[in-house]
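Chemist: This is input.csv (CSV, C-alpha atoms).
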chain,number,residue,atom,x,y,z
A,7,MET,CA,0.0,0.0,0.0
A,8,ASP,CA,1.4,3.4,-1.0
A,9,LYS,CA,1.9,6.0,1.8
A,10,VAL,CA,2.4,9.7,2.1
A,11,ASN,CA,3.2,11.7,5.3
A,12,GLU,CA,2.8,15.2,3.9
A,13,LEU,CA,0.6,16.9,1.3
A,14,THR,CA,1.6,16.5,-2.3
A,15,CYS,CA,0.1,18.6,-5.1
A,16,GLU,CA,1.6,17.9,-8.6
A,17,LYS,CA,0.9,17.1,-12.2
A,18,ARG,CA,1.2,13.5,-13.3
A,19,SER,CA,0.6,11.4,-16.4
A,20,TYR,CA,-0.6,7.8,-16.6
A,21,SER,CA,0.2,4.9,-19.0
A,22,LYS,CA,-2.2,2.9,-21.2
A,23,GLU,CA,-1.7,-0.2,-19.2
A,24,PHE,CA,-4.1,-0.9,-16.3
A,25,THR,CA,-2.3,-0.5,-12.9
A,26,LEU,CA,-3.9,-2.0,-9.7
A,27,HIS,CA,-3.1,-0.6,-6.3
A,28,GLN,CA,-4.4,1.2,-3.2
A,29,HIS,CA,-3.0,3.8,-0.8
A,30,ASP,CA,-3.5,4.9,2.8
A,31,PHE,CA,-4.1,8.5,1.9
A,32,GLY,CA,-7.0,10.3,0.1
A,33,GLN,CA,-6.6,11.6,-3.4
A,34,PHE,CA,-8.2,14.3,-5.5
A,35,LEU,CA,-7.8,13.9,-9.3
A,36,PHE,CA,-8.4,16.8,-11.7
A,37,PRO,CA,-7.9,15.9,-15.4
A,38,LEU,CA,-6.2,18.7,-17.3
A,39,GLN,CA,-5.8,16.8,-20.6
A,40,GLY,CA,-7.0,13.5,-21.8
A,41,SER,CA,-9.1,11.0,-19.7
A,42,LEU,CA,-8.6,8.4,-17.0
A,43,ASP,CA,-10.5,5.1,-16.6
A,44,MET,CA,-10.8,3.9,-13.0
A,45,GLU,CA,-12.3,0.6,-11.9
A,46,MET,CA,-13.2,-0.1,-8.3
A,47,ALA,CA,-15.2,-2.9,-6.7
A,48,PHE,CA,-18.6,-1.3,-7.2
A,49,GLN,CA,-17.8,1.7,-9.3
A,50,GLU,CA,-16.4,2.5,-12.7
A,51,VAL,CA,-15.6,6.1,-13.9
A,52,THR,CA,-14.0,7.8,-16.8
A,53,LEU,CA,-12.7,11.2,-15.9
A,54,SER,CA,-12.4,14.0,-18.4
A,55,PRO,CA,-11.3,17.6,-17.9
A,56,ASN,CA,-14.7,18.9,-16.9
A,57,GLN,CA,-14.8,16.5,-13.9
A,58,CYS,CA,-12.9,15.7,-10.7
A,59,PHE,CA,-12.9,12.7,-8.4
A,60,TYR,CA,-12.1,12.1,-4.8
A,61,LEU,CA,-10.7,8.6,-3.9
A,62,PRO,CA,-10.7,7.8,-0.2
A,63,PRO,CA,-7.9,5.8,1.5
A,64,GLY,CA,-7.8,2.0,1.3
A,65,VAL,CA,-9.7,1.5,-1.9
A,66,ASN,CA,-8.4,-0.9,-4.5
A,67,HIS,CA,-8.5,0.6,-7.9
A,68,ASN,CA,-7.4,-0.1,-11.4
A,69,TYR,CA,-6.5,2.9,-13.6
A,70,ARG,CA,-5.3,3.7,-17.0
A,71,SER,CA,-5.3,6.5,-19.6
A,72,ARG,CA,-5.9,5.6,-23.3
A,73,ASP,CA,-4.7,9.0,-24.7
A,74,ARG,CA,-2.2,11.7,-24.1
A,75,ASN,CA,-2.9,12.9,-20.6
A,76,GLU,CA,-2.0,15.2,-17.7
A,77,PHE,CA,-3.7,15.3,-14.3
A,78,LEU,CA,-3.4,17.5,-11.3
A,79,ILE,CA,-3.2,15.3,-8.2
A,80,LEU,CA,-3.6,16.2,-4.6
A,81,ASP,CA,-2.5,13.5,-2.2
A,82,ILE,CA,-3.9,14.0,1.3
A,83,PRO,CA,-2.6,12.3,4.4
A,84,THR,CA,-5.3,10.9,6.7
A,85,GLN,CA,-4.9,13.5,9.4
A,86,TYR,CA,-6.5,16.1,7.0
A,87,LEU,CA,-9.4,13.8,6.1
A,88,PRO,CA,-12.9,13.6,7.7
A,89,ARG,CA,-13.8,10.1,8.8
A,90,GLY,CA,-16.0,7.9,6.7
A,91,THR,CA,-16.0,10.0,3.5
A,92,SER,CA,-16.7,7.8,0.5
A,93,SER,CA,-15.6,8.4,-3.1
A,94,MET,CA,-17.2,11.3,-4.9
A,95,TYR,CA,-17.5,12.0,-8.6
A,96,MET,CA,-18.1,15.7,-9.4
A,97,THR,CA,-18.7,17.9,-12.4
A,98,LEU,CA,-16.4,21.0,-12.3
A,99,ASP,CA,-18.7,23.8,-11.4
A,100,SER,CA,-17.4,27.4,-10.8
A,101,GLN,CA,-16.3,26.5,-7.3
A,102,TRP,CA,-14.4,23.3,-8.1
A,103,SER,CA,-12.8,25.1,-11.2
A,104,ALA,CA,-11.6,27.8,-8.9
A,105,ILE,CA,-10.2,25.2,-6.5
A,106,ARG,CA,-8.4,23.5,-9.4
A,107,TYR,CA,-6.9,26.8,-10.4
A,108,LEU,CA,-5.6,27.5,-6.9
A,109,LEU,CA,-4.2,24.0,-6.6
A,110,LEU,CA,-2.4,24.5,-9.9
A,111,GLU,CA,-0.8,27.6,-8.5
A,112,GLU,CA,0.3,25.7,-5.3
A,113,ALA,CA,1.7,22.9,-7.4
A,114,LYS,CA,4.3,25.4,-8.6
A,115,ASN,CA,5.4,26.1,-5.0
A,116,SER,CA,7.4,23.2,-3.6
A,117,VAL,CA,8.9,25.1,-0.7
A,118,ASP,CA,6.1,26.8,1.4
A,119,GLN,CA,3.2,24.4,2.1
A,120,SER,CA,1.2,26.8,4.4
A,121,ALA,CA,-1.1,27.9,1.7
A,122,LEU,CA,-1.6,24.3,0.4
A,123,VAL,CA,-2.5,23.2,4.0
A,124,ASP,CA,-5.1,25.9,4.2
A,125,LEU,CA,-6.5,25.1,0.8
A,126,THR,CA,-6.6,21.4,1.5
A,127,ARG,CA,-8.5,22.0,4.7
A,128,TYR,CA,-11.0,24.1,2.7
A,129,VAL,CA,-11.3,21.3,0.1
A,130,THR,CA,-11.9,18.6,2.7
A,131,LYS,CA,-14.5,20.7,4.4
A,132,LYS,CA,-16.3,21.3,1.1
A,133,LEU,CA,-16.1,17.5,0.6
A,134,GLN,CA,-18.0,17.0,3.9
A,135,THR,CA,-20.7,19.6,3.2
A,136,SER,CA,-21.3,18.9,-0.5
A,137,ASN,CA,-24.1,16.6,-1.6
A,138,PRO,CA,-23.1,13.8,-3.9
A,139,PRO,CA,-24.4,14.5,-7.4
A,140,SER,CA,-27.2,11.9,-7.2
A,141,ILE,CA,-28.6,13.4,-4.0
A,142,ASP,CA,-28.5,16.8,-5.6
A,143,TYR,CA,-30.4,15.2,-8.5
A,144,ILE,CA,-33.0,13.9,-6.1
A,145,HIS,CA,-33.6,17.4,-4.6
A,146,GLN,CA,-34.0,18.9,-8.1
A,147,HIS,CA,-36.3,16.1,-9.4
A,148,PHE,CA,-38.1,14.6,-6.4
A,149,LYS,CA,-41.5,15.6,-7.9
A,150,ASP,CA,-40.8,13.4,-10.9
A,151,PRO,CA,-40.5,9.6,-11.2
A,152,ILE,CA,-36.9,8.6,-10.4
A,153,LYS,CA,-35.4,5.2,-11.1
A,154,LEU,CA,-32.8,3.7,-8.9
A,155,GLU,CA,-30.8,2.9,-12.0
A,156,THR,CA,-30.7,6.6,-12.9
A,157,LEU,CA,-29.3,7.5,-9.5
A,158,ALA,CA,-26.7,4.7,-9.5
A,159,ALA,CA,-25.5,5.8,-13.0
A,160,ILE,CA,-25.0,9.3,-11.8
A,161,GLU,CA,-22.5,8.0,-9.2
A,162,HIS,CA,-21.2,5.3,-11.5
A,163,TYR,CA,-22.2,2.6,-9.0
A,164,HIS,CA,-23.9,-0.7,-9.5
A,165,PRO,CA,-27.6,-0.3,-8.5
A,166,VAL,CA,-27.5,-2.9,-5.8
A,167,TYR,CA,-24.5,-1.3,-4.2
A,168,TYR,CA,-26.0,2.2,-4.6
A,169,SER,CA,-28.9,1.3,-2.3
A,170,THR,CA,-26.4,0.4,0.5
A,171,TRP,CA,-24.2,3.4,-0.2
A,172,PHE,CA,-27.3,5.8,-0.2
A,173,LYS,CA,-28.5,4.5,3.2
A,174,LYS,CA,-25.0,5.0,4.6
A,175,GLN,CA,-24.9,8.6,3.3
A,176,THR,CA,-28.4,9.6,4.4
A,177,GLY,CA,-29.6,7.1,7.0
A,178,LYS,CA,-32.7,6.4,4.8
A,179,SER,CA,-33.6,4.3,1.9
A,180,VAL,CA,-34.1,6.0,-1.5
A,181,LYS,CA,-37.8,5.5,-1.2
A,182,ASP,CA,-38.1,7.0,2.3
A,183,TYR,CA,-35.8,9.9,1.4
A,184,LEU,CA,-38.0,10.8,-1.7
A,185,SER,CA,-41.1,10.4,0.4
A,186,GLU,CA,-39.9,12.8,3.0
A,187,LEU,CA,-39.0,15.4,0.4
A,188,ARG,CA,-42.5,15.1,-1.2
A,189,LEU,CA,-44.2,15.2,2.2
A,190,ASN,CA,-42.4,18.3,3.2
A,191,GLU,CA,-43.2,20.0,-0.1
A,192,ALA,CA,-46.9,18.9,0.2
A,193,LYS,CA,-47.1,20.4,3.7
A,194,ARG,CA,-45.5,23.7,2.5
A,195,LEU,CA,-48.0,23.9,-0.4
A,196,LEU,CA,-50.9,23.2,1.9
A,197,ILE,CA,-49.9,25.9,4.4
A,198,SER,CA,-48.6,28.6,2.1
A,199,THR,CA,-50.9,28.4,-0.9
A,200,THR,CA,-54.6,28.0,-1.7
A,201,ARG,CA,-54.0,25.4,-4.4
A,202,SER,CA,-56.5,22.6,-4.6
A,203,MET,CA,-55.8,19.0,-3.7
A,204,SER,CA,-55.7,18.1,-7.4
A,205,GLN,CA,-53.1,20.8,-8.1
A,206,ILE,CA,-50.9,19.9,-5.2
A,207,SER,CA,-51.1,16.2,-5.9
A,208,GLU,CA,-50.1,16.8,-9.5
A,209,GLU,CA,-47.3,19.1,-8.5
A,210,ILE,CA,-45.6,16.6,-6.3
A,211,GLY,CA,-46.0,13.7,-8.7
A,212,PHE,CA,-49.3,11.9,-7.9
A,213,ALA,CA,-51.6,10.7,-10.7
A,214,ASN,CA,-54.7,12.0,-8.8
A,215,SER,CA,-55.8,13.6,-5.6
A,216,SER,CA,-57.2,10.3,-4.2
A,217,SER,CA,-53.8,8.7,-4.3
A,218,PHE,CA,-52.2,11.8,-2.8
A,219,THR,CA,-54.8,11.8,0.0
A,220,ARG,CA,-54.2,8.1,0.9
A,221,TRP,CA,-50.5,8.6,0.9
A,222,PHE,CA,-50.7,11.8,3.0
A,223,VAL,CA,-52.9,10.0,5.6
A,224,SER,CA,-50.5,7.1,5.8
A,225,HIS,CA,-47.8,9.5,6.9
A,226,GLU,CA,-49.6,12.1,8.9
A,227,SER,CA,-52.7,10.2,10.2
A,228,MET,CA,-54.9,12.9,8.9
A,229,SER,CA,-56.1,14.1,5.6
A,230,PRO,CA,-54.3,17.0,3.8
A,231,GLN,CA,-57.5,19.1,4.1
A,232,LYS,CA,-57.5,18.7,7.8
A,233,TYR,CA,-53.7,19.4,8.0
A,234,ARG,CA,-54.3,22.6,6.1
A,235,ILE,CA,-57.1,23.7,8.4
A,236,LEU,CA,-55.2,22.9,11.6
A,237,ASN,CA,-52.1,24.8,10.4
A,238,ASN,CA,-53.8,27.9,9.1
A,239,ARG,CA,-55.6,28.9,12.2
Now, as a test, write the supplied structure out as structure tokens.
Modeler:
Amino acid sequence: MDKVNELTCEKRSYSKEFTLHQHDFGQFLFPLQGSLDMEMAFQEVTLSPNQCFYLPPGVNHNYRSRDRNEFLILDIPTQYLPRGTSSMYMTLDSQWSAIRYLLLEEAKNSVDQSALVDLTRYVTKKLQTSNPPSIDYIHQHFKDPIKLETLAAIEHYHPVYYSTWFKKQTGKSVKDYLSELRLNEAKRLLISTTRSMSQISEEIGFANSSSFTRWFVSHESMSPQKYRILNNR
């Protein structure tokens, strides 16, 4: 198992041959040119320059690059890492792009690590507070039908493993998590609007108001109409 005792931020290139290993430190990978194929027990990803990936310690992984490539790599010793953080596959939004830029600047500085330490602490904190992409997707689309396979594909996980991973992340099953989001939205609409039961049921993804009412009663032990009256006094 590979080890590091201090932060390392540098550019690296990878060969076309698959290499299998693991290491006892966390690693952020930012593709700058080309792509990288990575295979883990329950996850397969291909990284390109508009993405980044966090690989936690102790994970066996196969990797290779099939084209001309260059990657910005941040190796993070465990003392900087939050406990229990799983791998995370992310699209480079404006914040992650800015982080990549700052890390590129720090990669040029091999003498003073103080700024790199501060930046790494910021990155690991962001890792803790950021929702994985599939959970962001749920929050954006919870009113629509969502398939488990769709969520698993976003994280590049096998669907069976995704269910276990999701419960570890949230403490709930996908079904219960979705139900809670829909219930909270239904309550908000009942209290803050005068929309009809048909309109509310349609908005949160039910085929008709009867199905919505039965579902609401099963969770709140009262009808949505009664809930609206009690909370609008």
Chemist: Considering all atoms listed in the file, return as JSON, numbers by chain whatever protein or nucleic-acid residues lie within 10 Å of Lys181 in chain A, sequence-local ones (same chain, fewer than 2 positions apart) excluded.
Modeler: {"A": [152, 154, 169, 178, 179, 183, 184, 185, 186]}
Chemist: What gap, in Å, lies between CA of Ile197 in chain A and CA of Ser140 in chain A?
Modeler: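 Computing the Euclidean distance for CA of Ile197 in chain A and CA of Ser140 in chain A yields 29.1 Å.
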Chemist: Name the residues in contact with Leu26 in chain A at a cut-off of 12 Å, using all atoms listed in the file, excluding same-chain residues fewer than 5 positions from it; report them as a PyMOL selection string.
Modeler: chain A and resi 7-8+43-47+65-70
Chemist: I'd like the contact shell of range 210-218 of chain A - 9 Å cut-off, only C-alpha atoms, skipping same-chain residues fewer than 3 positions apart - returned as a ChimeraX atom specification.
Modeler: /A:148-151,188-189,191-192,203-207,221-223,230
Chemist: What's the 9 Å shell around Gln231 in chain A, counting only C-alpha atoms, without same-chain residues fewer than 2 positions away, as a list in words?
Modeler: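 Here the answer would be Leu196, Met203, Thr219, Met228, Ser229, Tyr233, Arg234, Ile235 and Leu236 of chain A.
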Chemist: Contacts of Ser71 in chain A at 10 Å or less, counting only C-alpha atoms, minus same-chain residues fewer than 6 places along, as JSON, numbers by chain?
Modeler: {"A": [19, 20, 21, 22, 23, 24, 40, 41, 42, 43, 44, 52, 53]}
Chemist: Quick one: residues within 12 Å of (-5.9, 11.6, 7.7) (file frame), counting only C-alpha atoms, please, as a compact mmCIF listing (two decimals) with C-alpha atoms, keeping the file's coordinate frame.
Modeler:
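Produced file result_10.txt, reproduced below:
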# COMPACT_ATOMS: atom_id res chain seq x y z
CA LYS A 9 1.90 6.00 1.80
CA VAL A 10 2.40 9.70 2.10
CA ASN A 11 3.20 11.70 5.30
CA GLU A 12 2.80 15.20 3.90
CA LEU A 13 0.60 16.90 1.30
CA HIS A 29 -3.00 3.80 -0.80
CA ASP A 30 -3.50 4.90 2.80
CA PHE A 31 -4.10 8.50 1.90
CA GLY A 32 -7.00 10.30 0.10
CA GLN A 33 -6.60 11.60 -3.40
CA PRO A 62 -10.70 7.80 -0.20
CA PRO A 63 -7.90 5.80 1.50
CA GLY A 64 -7.80 2.00 1.30
CA ASP A 81 -2.50 13.50 -2.20
CA ILE A 82 -3.90 14.00 1.30
CA PRO A 83 -2.60 12.30 4.40
CA THR A 84 -5.30 10.90 6.70
CA GLN A 85 -4.90 13.50 9.40
CA TYR A 86 -6.50 16.10 7.00
CA LEU A 87 -9.40 13.80 6.10
CA PRO A 88 -12.90 13.60 7.70
CA ARG A 89 -13.80 10.10 8.80
CA GLY A 90 -16.00 7.90 6.70
CA THR A 91 -16.00 10.00 3.50
CA THR A 126 -6.60 21.40 1.50
CA ARG A 127 -8.50 22.00 4.70
CA THR A 130 -11.90 18.60 2.70
Chemist: Between A:Val180, A:Leu98, A:Ile79, A:Ile141, single out the one closest to Leu110 in chain A, counting all atoms listed in the file.
Modeler: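 For Leu110 in chain A, the nearest of the candidates is A:Ile79.
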Chemist: I'd like the interatomic distance between CA of Phe59 in chain A and CA of Phe36 in chain A, to a tenth of an Å.
Modeler: 6.9 Å
